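Participant: Here's a structure for you.
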There are 2 protein chains.
Amino acid sequence: MFASGRRGFLKVGAGASVALGLPRALAAAAETAAVAPAAPAVLSTLDAIERRRSVRRFKPTPVPDEHLHRILDAARLAPTFGNQQPWRFLVVRDRAKLDRIKQEILASTEESLRRQGVTQPEVIEKRKGDITPYIDGLLSAPVHVVVLVDTTSKYPTYNVKDGTLAAGQLMLAARALGYGTVFLTDGIPEHPCRRALAIPDRFERIAMIPVGLPDSGTADGWPASPPKKPLDEVVVFETIT
Amino acid sequence: MFASGRRGFLKVGAGASVALGLPRALAAAAETAAVAPAAPAVLSTLDAIERRRSVRRFKPTPVPDEHLHRILDAARLAPTFGNQQPWRFLVVRDRAKLDRIKQEILASTEESLRRQGVTQPEVIEKRKGDITPYIDGLLSAPVHVVVLVDTTSKYPTYNVKDGTLAAGQLMLAARALGYGTVFLTDGIPEHPCRRALAIPDRFERIAMIPVGLPDSGTADGWPASPPKKPLDEVVVFETIT
């Protein structure tokens, strides 16, 4: 029933959005916007795949609710074992929460150093200062999606694959609409992130994904691709040794 | 260097394909084809995501090498932790090998029944007969890609996520070009598949993915989507409880 919902969201009057099962916050945004944002030129699948990059610094430009809706909808439609759909997408835009993540990472870095016997304040402050620009870059995106899976799902053995497939679709849909993302695991470590956002133990984190316009210091904001293995190194025919 | 390789494969003379690092089998196919197959209409990212289905029965129509190349290239470009690219894509088209997978699954089903104390030949044959149409449907695709990850990679902790992201991109690229796929784990169980294809222990299997034109018994061959949770059941804003 919701397969056509994305199109409905764009084409029908905003009043219909609640009937389509949209989250209240998105529906409210659609109803207050007098004119929907212009539909972006959507990249073809192969172009989105080829032009996706891992983006680690973003412009503050907000992502319109309509685009965020399409990006989340792409995640929702991912393949999933036995149609279990174990995922939850936690959307974080609140700057206070994002700053709490940063503070938790810095605190956890300090704890870790102290556990290793490092106690000199200047060494600890230096290390925290060293990682701060990187964290600030990641958290500079205007919106972040924490991809979670419910450990009480029907087939929890398949949760990591299911959640990862959803995250992948989210990233490609974002790229198709012009936004950068990055699949963060160690970049924003799980435990400080969980503590800052008070994520219940029941949910396993797959990744945290910032979404925003890229600001990588290049002419168009997109970073270069790191070197990739050629196809003949990764494809084998019929027999693998 | 290979980022533009996909386009190069389509545009330049076939003789250049080796220089672009294409697998020998694909390069040879390109060189023997007098005229390259017509470029298909490639779906937009959001359409491919919305129209992808899990396909479990296929037409025997071969997938042209050029399309297979683009599909594998999409997998190759997936996000990967620390750019480790731990994947290998094992392409299987040999009918004898695919039949061996089926025989291994049937043998493993029989072993499993015998271990449970079921010894009556008619019960065993009935069970094998019951699962055969399903297996035949999955194996009816003209080409299969076994997505593997190398357990000796640099960051093996992230191999499952990396391999799953590659499999997801493979499936979307296939859909964009008009092909059905399905992410098979238990559908073609790992151990019979490994035995039939003699996959070394060093490689972990992420999924086996048939690729072909869908033949699901509907007007256009595509199956209906199973019911999906609406967006407001899977998206939460700022706080999750």
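If you're wondering about the labels, chains in the structure tokens are A, B, ... by order shown, residues count from 1 in each chain, ligands from 1 in order shown.
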List the spatial neighbours of B:Pro156 as a PDB file with N, CA, C and O atoms, in the first residue's frame - criterion: any atom at most 12 Å away, only C-alpha atoms, same-chain residues fewer than 4 positions off excluded.
Facilitator:
ATOM      1  N   THR B  80      33.072   0.744   2.023  1.00  0.00           N
ATOM      2  CA  THR B  80      33.804  -0.330   2.704  1.00  0.00           C
ATOM      3  C   THR B  80      34.699   0.270   3.780  1.00  0.00           C
ATOM      4  O   THR B  80      35.343   1.310   3.555  1.00  0.00           O
ATOM      5  N   PHE B  81      34.735  -0.363   4.924  1.00  0.00           N
ATOM      6  CA  PHE B  81      35.483   0.160   6.076  1.00  0.00           C
ATOM      7  C   PHE B  81      36.968   0.320   5.737  1.00  0.00           C
ATOM      8  O   PHE B  81      37.619  -0.639   5.324  1.00  0.00           O
ATOM      9  N   GLY B  82      37.489   1.528   5.951  1.00  0.00           N
ATOM     10  CA  GLY B  82      38.916   1.767   5.710  1.00  0.00           C
ATOM     11  C   GLY B  82      39.339   1.421   4.293  1.00  0.00           C
ATOM     12  O   GLY B  82      40.499   1.080   4.062  1.00  0.00           O
ATOM     13  N   GLN B  84      38.890  -1.204   2.667  1.00  0.00           N
ATOM     14  CA  GLN B  84      39.525  -2.529   2.597  1.00  0.00           C
ATOM     15  C   GLN B  84      39.047  -3.390   1.424  1.00  0.00           C
ATOM     16  O   GLN B  84      39.779  -4.234   0.950  1.00  0.00           O
ATOM     17  N   GLN B  85      37.806  -3.182   0.951  1.00  0.00           N
ATOM     18  CA  GLN B  85      37.299  -3.940  -0.204  1.00  0.00           C
ATOM     19  C   GLN B  85      37.560  -5.445  -0.057  1.00  0.00           C
ATOM     20  O   GLN B  85      38.265  -6.039  -0.877  1.00  0.00           O
ATOM     21  N   PRO B  86      36.976  -6.070   0.944  1.00  0.00           N
ATOM     22  CA  PRO B  86      37.312  -7.474   1.233  1.00  0.00           C
ATOM     23  C   PRO B  86      36.613  -8.471   0.326  1.00  0.00           C
ATOM     24  O   PRO B  86      36.701  -9.680   0.524  1.00  0.00           O
ATOM     25  N   TRP B  87      35.881  -8.004  -0.666  1.00  0.00           N
ATOM     26  CA  TRP B  87      34.976  -8.866  -1.429  1.00  0.00           C
ATOM     27  C   TRP B  87      35.587  -9.592  -2.609  1.00  0.00           C
ATOM     28  O   TRP B  87      36.562  -9.168  -3.203  1.00  0.00           O
ATOM     29  N   VAL B 149      33.495 -12.731   1.190  1.00  0.00           N
ATOM     30  CA  VAL B 149      34.464 -11.806   1.784  1.00  0.00           C
ATOM     31  C   VAL B 149      35.639 -12.634   2.293  1.00  0.00           C
ATOM     32  O   VAL B 149      35.472 -13.775   2.727  1.00  0.00           O
ATOM     33  N   ASP B 150      36.802 -12.020   2.217  1.00  0.00           N
ATOM     34  CA  ASP B 150      38.045 -12.706   2.561  1.00  0.00           C
ATOM     35  C   ASP B 150      38.291 -12.541   4.062  1.00  0.00           C
ATOM     36  O   ASP B 150      38.485 -11.422   4.541  1.00  0.00           O
ATOM     37  N   THR B 151      38.312 -13.647   4.788  1.00  0.00           N
ATOM     38  CA  THR B 151      38.478 -13.558   6.253  1.00  0.00           C
ATOM     39  C   THR B 151      39.883 -13.066   6.632  1.00  0.00           C
ATOM     40  O   THR B 151      40.105 -12.714   7.790  1.00  0.00           O
ATOM     41  N   THR B 152      40.797 -13.033   5.670  1.00  0.00           N
ATOM     42  CA  THR B 152      42.140 -12.508   5.965  1.00  0.00           C
ATOM     43  C   THR B 152      42.254 -11.024   5.583  1.00  0.00           C
ATOM     44  O   THR B 152      43.354 -10.496   5.437  1.00  0.00           O
ATOM     45  N   VAL B 160      31.206  -8.413   7.131  1.00  0.00           N
ATOM     46  CA  VAL B 160      29.791  -8.714   6.841  1.00  0.00           C
ATOM     47  C   VAL B 160      29.076  -7.456   6.359  1.00  0.00           C
ATOM     48  O   VAL B 160      28.329  -7.482   5.371  1.00  0.00           O
ATOM     49  N   LYS B 161      29.337  -6.337   7.015  1.00  0.00           N
ATOM     50  CA  LYS B 161      28.702  -5.095   6.563  1.00  0.00           C
ATOM     51  C   LYS B 161      29.197  -4.715   5.163  1.00  0.00           C
ATOM     52  O   LYS B 161      28.413  -4.375   4.283  1.00  0.00           O
ATOM     53  N   ASP B 162      30.497  -4.805   4.940  1.00  0.00           N
ATOM     54  CA  ASP B 162      31.045  -4.451   3.622  1.00  0.00           C
ATOM     55  C   ASP B 162      30.445  -5.341   2.529  1.00  0.00           C
ATOM     56  O   ASP B 162      30.003  -4.852   1.483  1.00  0.00           O
ATOM     57  N   GLY B 163      30.461  -6.635   2.748  1.00  0.00           N
ATOM     58  CA  GLY B 163      29.957  -7.570   1.734  1.00  0.00           C
ATOM     59  C   GLY B 163      28.472  -7.368   1.476  1.00  0.00           C
ATOM     60  O   GLY B 163      28.003  -7.479   0.330  1.00  0.00           O
ATOM     61  N   ARG B 202      38.759 -19.908   3.551  1.00  0.00           N
ATOM     62  CA  ARG B 202      39.213 -18.535   3.750  1.00  0.00           C
ATOM     63  C   ARG B 202      38.119 -17.505   3.414  1.00  0.00           C
ATOM     64  O   ARG B 202      38.159 -16.368   3.895  1.00  0.00           O
ATOM     65  N   PHE B 203      37.159 -17.910   2.574  1.00  0.00           N
ATOM     66  CA  PHE B 203      36.109 -16.971   2.174  1.00  0.00           C
ATOM     67  C   PHE B 203      34.814 -17.235   2.921  1.00  0.00           C
ATOM     68  O   PHE B 203      34.362 -18.376   2.997  1.00  0.00           O
ATOM     69  N   GLU B 204      34.244 -16.188   3.461  1.00  0.00           N
ATOM     70  CA  GLU B 204      32.932 -16.281   4.092  1.00  0.00           C
ATOM     71  C   GLU B 204      31.884 -15.904   3.050  1.00  0.00           C
ATOM     72  O   GLU B 204      32.064 -14.954   2.289  1.00  0.00           O
TER      73      GLU B 204
END
Participant: Show me which bits of chain B are within 6 Å of chain A, counting only C-alpha atoms, as a list in words.
Facilitator: Gly21, Leu22, Pro23, Leu43, Ser44, Thr45, Arg88, Phe89, Leu90, Val91, Val92, Leu165, Gly168, Pro230, Leu231, Asp232, Val234, Val235, Val236, Phe237 and Glu238 of chain B
Participant: For A:Ile131, list every protein, DNA or RNA residue within 9 Å, evaluated using only C-alpha atoms, and leave out those in the same chain fewer than 5 positions away; present the list as a CSV table (one decimal) with N, CA and C atoms, in the first residue's frame.
Facilitator:
chain,number,residue,atom,x,y,z
A,106,LEU,N,34.7,12.5,23.5
A,106,LEU,CA,35.9,13.1,24.2
A,106,LEU,C,36.1,12.5,25.6
A,126,LYS,N,45.8,17.3,24.4
A,126,LYS,CA,46.3,17.2,23.1
A,126,LYS,C,45.5,16.2,22.2
A,136,ASP,N,34.0,17.1,14.6
A,136,ASP,CA,33.2,18.3,14.2
A,136,ASP,C,32.8,18.2,12.8
Participant: Check the DSSP output for the backbone and give back, as a list in words, the residues of stretch 129-240 of chain B in strand (DSSP E).
Facilitator: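 The residues of stretch 129-240 of chain B classed as strand (DSSP E) are Val143, His144, Val145, Val146, Val147, Leu148, Val149, Asp150, Gly180, Thr181, Phe203, Glu204, Arg205, Ile206, Ala207, Met208, Ile209, Pro210, Val211, Gly212, Val235, Val236 and Phe237 of chain B.
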Participant: Would you mind exporting the chosen residues as a short mmCIF file (atom, residue, chain, number, x, y, z; two decimals), in the first residue's frame, restricted to N, CA and C atoms?
Facilitator:
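Saved file selection-v9.cif follows:
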data_model
loop_
_atom_site.label_atom_id
_atom_site.label_comp_id
_atom_site.auth_asym_id
_atom_site.auth_seq_id
_atom_site.Cartn_x
_atom_site.Cartn_y
_atom_site.Cartn_z
N VAL B 143 22.45 -16.65 -14.50
CA VAL B 143 23.74 -16.32 -13.87
C VAL B 143 23.53 -16.09 -12.37
N HIS B 144 24.51 -16.49 -11.60
CA HIS B 144 24.45 -16.35 -10.14
C HIS B 144 25.75 -15.72 -9.68
N VAL B 145 25.63 -14.82 -8.70
CA VAL B 145 26.83 -14.21 -8.13
C VAL B 145 26.89 -14.60 -6.65
N VAL B 146 27.93 -15.32 -6.27
CA VAL B 146 28.14 -15.64 -4.86
C VAL B 146 29.03 -14.54 -4.30
N VAL B 147 28.47 -13.78 -3.37
CA VAL B 147 29.22 -12.67 -2.77
C VAL B 147 30.00 -13.21 -1.58
N LEU B 148 31.31 -13.12 -1.67
CA LEU B 148 32.20 -13.65 -0.64
C LEU B 148 33.03 -12.52 -0.03
N VAL B 149 33.50 -12.73 1.19
CA VAL B 149 34.46 -11.81 1.78
C VAL B 149 35.64 -12.63 2.29
N ASP B 150 36.80 -12.02 2.22
CA ASP B 150 38.05 -12.71 2.56
C ASP B 150 38.29 -12.54 4.06
N GLY B 180 15.87 -9.18 -12.25
CA GLY B 180 15.48 -9.55 -10.90
C GLY B 180 16.66 -10.21 -10.18
N THR B 181 16.60 -10.16 -8.86
CA THR B 181 17.61 -10.79 -8.00
C THR B 181 16.91 -11.22 -6.72
N PHE B 203 37.16 -17.91 2.57
CA PHE B 203 36.11 -16.97 2.17
C PHE B 203 34.81 -17.23 2.92
N GLU B 204 34.24 -16.19 3.46
CA GLU B 204 32.93 -16.28 4.09
C GLU B 204 31.88 -15.90 3.05
N ARG B 205 30.80 -16.66 3.03
CA ARG B 205 29.74 -16.33 2.07
C ARG B 205 28.77 -15.33 2.69
N ILE B 206 28.52 -14.24 1.99
CA ILE B 206 27.53 -13.24 2.43
C ILE B 206 26.15 -13.63 1.90
N ALA B 207 26.07 -13.95 0.62
CA ALA B 207 24.80 -14.32 0.00
C ALA B 207 25.09 -14.91 -1.37
N MET B 208 24.12 -15.64 -1.89
CA MET B 208 24.17 -16.05 -3.30
C MET B 208 23.04 -15.28 -3.98
N ILE B 209 23.35 -14.67 -5.12
CA ILE B 209 22.38 -13.79 -5.76
C ILE B 209 22.15 -14.22 -7.21
N PRO B 210 20.99 -14.84 -7.50
CA PRO B 210 20.65 -15.13 -8.90
C PRO B 210 20.33 -13.81 -9.61
N VAL B 211 20.66 -13.74 -10.89
CA VAL B 211 20.37 -12.55 -11.70
C VAL B 211 19.74 -13.00 -13.01
N GLY B 212 18.55 -12.48 -13.31
CA GLY B 212 17.90 -12.84 -14.57
C GLY B 212 16.59 -12.11 -14.74
N VAL B 235 10.40 5.01 11.60
CA VAL B 235 11.18 6.25 11.79
C VAL B 235 10.82 6.87 13.13
N VAL B 236 11.85 7.27 13.88
CA VAL B 236 11.61 8.02 15.11
C VAL B 236 12.47 9.26 15.11
N PHE B 237 11.96 10.33 15.70
CA PHE B 237 12.69 11.58 15.70
C PHE B 237 13.29 11.87 17.07
#
Participant: Rounded to one decimal in Å, what is the spacing between atom CA of A:Arg100 and atom CA of A:Gly217?
Facilitator: 26.4 Å
Participant: Taking only stretch 83-131 of chain A into account, list the residues labelled helix (DSSP H, G or I) by DSSP (computed from the backbone), as a PyMOL selection string.
Facilitator: chain A and resi 83+95-115+121-131
Participant: Write a file of the selected residues as a JSON list (two decimals), in the first residue's frame, keeping N, CA and C atoms.
Facilitator:
[["chain", "number", "residue", "atom", "x", "y", "z"],
["A", 83, "ASN", "N", 10.93, -11.01, 5.25],
["A", 83, "ASN", "CA", 10.18, -9.75, 5.36],
["A", 83, "ASN", "C", 10.08, -9.23, 6.80],
["A", 95, "ARG", "N", 20.89, 20.03, 17.73],
["A", 95, "ARG", "CA", 22.32, 20.34, 17.93],
["A", 95, "ARG", "C", 22.78, 19.98, 19.35],
["A", 96, "ALA", "N", 21.91, 20.13, 20.32],
["A", 96, "ALA", "CA", 22.30, 19.80, 21.70],
["A", 96, "ALA", "C", 22.63, 18.31, 21.80],
["A", 97, "LYS", "N", 21.84, 17.48, 21.12],
["A", 97, "LYS", "CA", 22.09, 16.04, 21.15],
["A", 97, "LYS", "C", 23.39, 15.70, 20.42],
["A", 98, "LEU", "N", 23.61, 16.37, 19.29],
["A", 98, "LEU", "CA", 24.84, 16.09, 18.52],
["A", 98, "LEU", "C", 26.07, 16.53, 19.32],
["A", 99, "ASP", "N", 25.93, 17.64, 20.05],
["A", 99, "ASP", "CA", 27.05, 18.08, 20.86],
["A", 99, "ASP", "C", 27.29, 17.11, 22.02],
["A", 100, "ARG", "N", 26.22, 16.51, 22.52],
["A", 100, "ARG", "CA", 26.37, 15.52, 23.58],
["A", 100, "ARG", "C", 27.15, 14.30, 23.06],
["A", 101, "ILE", "N", 26.92, 13.93, 21.82],
["A", 101, "ILE", "CA", 27.69, 12.82, 21.24],
["A", 101, "ILE", "C", 29.18, 13.17, 21.25],
["A", 102, "LYS", "N", 29.47, 14.38, 20.82],
["A", 102, "LYS", "CA", 30.88, 14.81, 20.81],
["A", 102, "LYS", "C", 31.49, 14.76, 22.21],
["A", 103, "GLN", "N", 30.76, 15.29, 23.19],
["A", 103, "GLN", "CA", 31.28, 15.29, 24.56],
["A", 103, "GLN", "C", 31.49, 13.86, 25.07],
["A", 104, "GLU", "N", 30.58, 12.97, 24.73],
["A", 104, "GLU", "CA", 30.73, 11.56, 25.16],
["A", 104, "GLU", "C", 31.94, 10.91, 24.50],
["A", 105, "ILE", "N", 32.20, 11.25, 23.23],
["A", 105, "ILE", "CA", 33.39, 10.68, 22.57],
["A", 105, "ILE", "C", 34.66, 11.20, 23.24],
["A", 106, "LEU", "N", 34.68, 12.50, 23.55],
["A", 106, "LEU", "CA", 35.87, 13.07, 24.19],
["A", 106, "LEU", "C", 36.07, 12.47, 25.58],
["A", 107, "ALA", "N", 34.99, 12.30, 26.32],
["A", 107, "ALA", "CA", 35.08, 11.71, 27.66],
["A", 107, "ALA", "C", 35.58, 10.26, 27.57],
["A", 108, "SER", "N", 35.08, 9.54, 26.56],
["A", 108, "SER", "CA", 35.47, 8.14, 26.42],
["A", 108, "SER", "C", 36.93, 8.03, 25.99],
["A", 109, "THR", "N", 37.40, 8.99, 25.18],
["A", 109, "THR", "CA", 38.81, 9.03, 24.81],
["A", 109, "THR", "C", 39.68, 9.24, 26.05],
["A", 110, "GLU", "N", 39.24, 10.16, 26.89],
["A", 110, "GLU", "CA", 40.00, 10.44, 28.12],
["A", 110, "GLU", "C", 40.03, 9.21, 29.04],
["A", 111, "GLU", "N", 38.88, 8.59, 29.23],
["A", 111, "GLU", "CA", 38.81, 7.37, 30.06],
["A", 111, "GLU", "C", 39.77, 6.31, 29.55],
["A", 112, "SER", "N", 39.75, 6.14, 28.22],
["A", 112, "SER", "CA", 40.57, 5.12, 27.61],
["A", 112, "SER", "C", 42.06, 5.39, 27.85],
["A", 113, "LEU", "N", 42.45, 6.66, 27.73],
["A", 113, "LEU", "CA", 43.85, 7.02, 27.98],
["A", 113, "LEU", "C", 44.21, 6.76, 29.44],
["A", 114, "ARG", "N", 43.31, 7.13, 30.35],
["A", 114, "ARG", "CA", 43.59, 6.96, 31.78],
["A", 114, "ARG", "C", 43.72, 5.47, 32.13],
["A", 115, "ARG", "N", 42.88, 4.67, 31.48],
["A", 115, "ARG", "CA", 42.99, 3.21, 31.70],
["A", 115, "ARG", "C", 44.35, 2.68, 31.24],
["A", 121, "PRO", "N", 47.62, 15.91, 32.08],
["A", 121, "PRO", "CA", 46.52, 16.67, 31.48],
["A", 121, "PRO", "C", 46.85, 17.18, 30.08],
["A", 122, "GLU", "N", 48.11, 17.59, 29.85],
["A", 122, "GLU", "CA", 48.43, 18.18, 28.53],
["A", 122, "GLU", "C", 48.39, 17.11, 27.44],
["A", 123, "VAL", "N", 48.77, 15.86, 27.79],
["A", 123, "VAL", "CA", 48.71, 14.77, 26.80],
["A", 123, "VAL", "C", 47.24, 14.46, 26.47],
["A", 124, "ILE", "N", 46.44, 14.39, 27.53],
["A", 124, "ILE", "CA", 45.01, 14.10, 27.34],
["A", 124, "ILE", "C", 44.35, 15.19, 26.50],
["A", 125, "GLU", "N", 44.63, 16.44, 26.84],
["A", 125, "GLU", "CA", 44.01, 17.56, 26.09],
["A", 125, "GLU", "C", 44.47, 17.58, 24.64],
["A", 126, "LYS", "N", 45.76, 17.25, 24.43],
["A", 126, "LYS", "CA", 46.29, 17.22, 23.07],
["A", 126, "LYS", "C", 45.54, 16.17, 22.23],
["A", 127, "ARG", "N", 45.35, 14.98, 22.80],
["A", 127, "ARG", "CA", 44.67, 13.91, 22.07],
["A", 127, "ARG", "C", 43.23, 14.32, 21.75],
["A", 128, "LYS", "N", 42.56, 14.91, 22.73],
["A", 128, "LYS", "CA", 41.18, 15.34, 22.50],
["A", 128, "LYS", "C", 41.13, 16.42, 21.42],
["A", 129, "GLY", "N", 42.11, 17.33, 21.45],
["A", 129, "GLY", "CA", 42.17, 18.38, 20.43],
["A", 129, "GLY", "C", 42.42, 17.80, 19.04],
["A", 130, "ASP", "N", 43.22, 16.72, 19.01],
["A", 130, "ASP", "CA", 43.55, 16.11, 17.71],
["A", 130, "ASP", "C", 42.33, 15.51, 17.03],
["A", 131, "ILE", "N", 41.44, 14.90, 17.81],
["A", 131, "ILE", "CA", 40.30, 14.22, 17.16],
["A", 131, "ILE", "C", 39.10, 15.15, 16.95]]
Participant: Which residues are near A:Phe58? Cut-off 7 Å, only C-alpha atoms, ignore same chain within fewer than 2 positions. Put them as an mmCIF file with N, CA, C and O atoms, in the first residue's frame.
Facilitator:
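Below you can see around13.cif, which holds the result:
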data_model
loop_
_atom_site.group_PDB
_atom_site.id
_atom_site.type_symbol
_atom_site.label_atom_id
_atom_site.label_comp_id
_atom_site.auth_asym_id
_atom_site.auth_seq_id
_atom_site.Cartn_x
_atom_site.Cartn_y
_atom_site.Cartn_z
ATOM 1 N N ARG A 56 32.815 13.566 4.814
ATOM 2 C CA ARG A 56 33.116 13.719 6.243
ATOM 3 C C ARG A 56 33.060 15.173 6.735
ATOM 4 O O ARG A 56 33.419 15.469 7.863
ATOM 5 N N PRO A 60 26.023 23.547 6.287
ATOM 6 C CA PRO A 60 24.914 23.548 7.271
ATOM 7 C C PRO A 60 23.525 23.583 6.620
ATOM 8 O O PRO A 60 22.522 23.430 7.321
ATOM 9 N N GLY A 137 33.648 17.647 11.905
ATOM 10 C CA GLY A 137 33.311 17.483 10.480
ATOM 11 C C GLY A 137 32.144 16.523 10.304
ATOM 12 O O GLY A 137 31.165 16.830 9.612
ATOM 13 N N SER A 140 28.920 17.940 11.462
ATOM 14 C CA SER A 140 28.490 19.189 10.820
ATOM 15 C C SER A 140 27.272 18.997 9.919
ATOM 16 O O SER A 140 26.634 19.967 9.518
ATOM 17 N N ALA A 141 26.934 17.749 9.589
ATOM 18 C CA ALA A 141 25.747 17.514 8.752
ATOM 19 C C ALA A 141 24.498 18.003 9.498
ATOM 20 O O ALA A 141 24.412 17.876 10.717
ATOM 21 N N GLY A 212 23.917 15.399 4.271
ATOM 22 C CA GLY A 212 23.964 16.833 4.006
ATOM 23 C C GLY A 212 24.721 17.129 2.726
ATOM 24 O O GLY A 212 25.283 16.219 2.099
ATOM 25 N N LEU A 213 24.714 18.379 2.353
ATOM 26 C CA LEU A 213 25.477 18.770 1.163
ATOM 27 C C LEU A 213 26.969 18.692 1.496
ATOM 28 O O LEU A 213 27.396 19.143 2.562
ATOM 29 N N PRO A 214 27.768 18.125 0.591
ATOM 30 C CA PRO A 214 29.187 17.910 0.890
ATOM 31 C C PRO A 214 29.970 19.212 0.903
ATOM 32 O O PRO A 214 29.691 20.109 0.114
ATOM 33 N N ASP A 215 30.956 19.278 1.775
ATOM 34 C CA ASP A 215 31.796 20.478 1.891
ATOM 35 C C ASP A 215 33.228 20.037 2.163
ATOM 36 O O ASP A 215 33.789 20.286 3.220
#
Participant: By how many Å are atom CA of A:His191 and atom CA of A:Asp65 apart?
Facilitator: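 One can read the atom CA of A:His191 to atom CA of A:Asp65 distance as 28.6 Å.
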